[in-house]
Amino acid sequence: PSFMKKVVSVDQTEDGKLHWKAKIFWSSRTWESTIVEQVPDEHIVWRSKGPKGHVDGTVSFHELAPNLTRVLLVLEYRPAGLFERTANLWRAQGRRARLELKHFRRHVMTQALTRPDEVEGWRGEIRDGEIVTTPQ
């Protein structure tokens, strides 16, 4: 999460499972995401659960040219708790998500392009919640 401002840590507990920790004002939030479907260079679908709400989503990658990719992201946020529901009325989570995506875009366009050998990530394939292939 080096390019994200509010995400403190993301730990991959096992293939297809991630544990997130974020800083929200003076407190922290944690949640676990499970990858339901992942096809490298095509799309990722996930579900999450946490005590203060959860975000389910999908991201897809569409190659437009050899060095140009369109990234489409759909998030579904369900708040739980008074603080989260109040912030949702002000659309705070949506604004934060858009800001973090701008940071991601900047990261990809600078760091990932200038140092591609430093890009890390698990590139296995998951279908219907089951790991189909693992990277070599």
# chains A, B, ... in the order shown; residues from 1 in each chain; ligands from 1
call {"tool": "select_by_dssp", "arguments": {"residues": "stretch 14-105 of chain A", "states": "strand (DSSP E or B)", "output": "number ranges by chain"}}
result
A: 14, 17-24, 27-39, 43-49, 53-65, 68-79
call {"tool": "closest_residue", "arguments": {"among": "A:Thr133, A:Thr114, A:Thr58, A:Ser33", "to": "A:Val71", "atoms": "only C-alpha atoms"}}
result
A:Thr58
call {"tool": "atom_distance", "arguments": {"atom1": "atom CA of A:Ile126", "atom2": "atom CA of A:His54"}}
result
21.0 Å
call {"tool": "residues_around", "arguments": {"residues": "A:Trp46", "least_positions_apart": "5", "cutoff": "7 Å", "atoms": "only C-alpha atoms", "output": "PyMOL selection string"}}
result
chain A and resi 33-37+56-58
call {"tool": "write_last_selection", "arguments": {"atoms": "C-alpha atoms", "output": "compact mmCIF listing (two decimals), in the first residue's frame"}}
result
# COMPACT_ATOMS: atom_id res chain seq x y z
CA SER A 33 -11.10 -9.80 1.37
CA THR A 34 -11.60 -13.08 -0.46
CA ILE A 35 -10.91 -13.25 -4.18
CA VAL A 36 -13.81 -15.05 -5.82
CA GLU A 37 -12.44 -14.93 -9.36
CA ASP A 56 -17.40 -6.01 -2.71
CA GLY A 57 -16.09 -5.25 -6.14
CA THR A 58 -14.63 -6.12 -9.47
call {"tool": "atom_distance", "arguments": {"atom1": "atom CA of A:Lys17", "atom2": "atom CA of A:Leu72"}}
result
21.6 Å
call {"tool": "residues_around", "arguments": {"residues": "A:Gln38", "least_positions_apart": "6", "cutoff": "7 Å", "atoms": "only C-alpha atoms", "output": "VMD selection string"}}
result
chain A and resid 44 to 45 125 to 127
call {"tool": "residues_around", "arguments": {"residues": "A:Glu32", "least_positions_apart": "2", "cutoff": "7 Å", "atoms": "only C-alpha atoms", "output": "number ranges by chain"}}
result
A: 18-20, 34, 48-50
call {"tool": "atom_distance", "arguments": {"atom1": "atom CA of A:Phe61", "atom2": "atom CA of A:Glu130"}}
result
21.2 Å
call {"tool": "closest_atom_pairs", "arguments": {"of": "stretch 9-61 of chain A", "to": "stretch 91-109 of chain A", "cutoff": "12 Å", "atoms": "only C-alpha atoms", "output": "JSON lines"}}
result
{"residue": "A:Ala22", "atom": "CA", "partner": "A:Arg96", "partner_atom": "CA", "distance": 11.8}
{"residue": "A:Lys23", "atom": "CA", "partner": "A:Arg96", "partner_atom": "CA", "distance": 11.9}
{"residue": "A:Ile24", "atom": "CA", "partner": "A:Gln93", "partner_atom": "CA", "distance": 10.4}
{"residue": "A:Phe25", "atom": "CA", "partner": "A:Ala92", "partner_atom": "CA", "distance": 11.9}
{"residue": "A:Gly53", "atom": "CA", "partner": "A:Gln93", "partner_atom": "CA", "distance": 11.5}
{"residue": "A:His54", "atom": "CA", "partner": "A:Gln93", "partner_atom": "CA", "distance": 11.4}
{"residue": "A:Val55", "atom": "CA", "partner": "A:Gln93", "partner_atom": "CA", "distance": 10.4}
{"residue": "A:Val59", "atom": "CA", "partner": "A:Leu101", "partner_atom": "CA", "distance": 11.8}
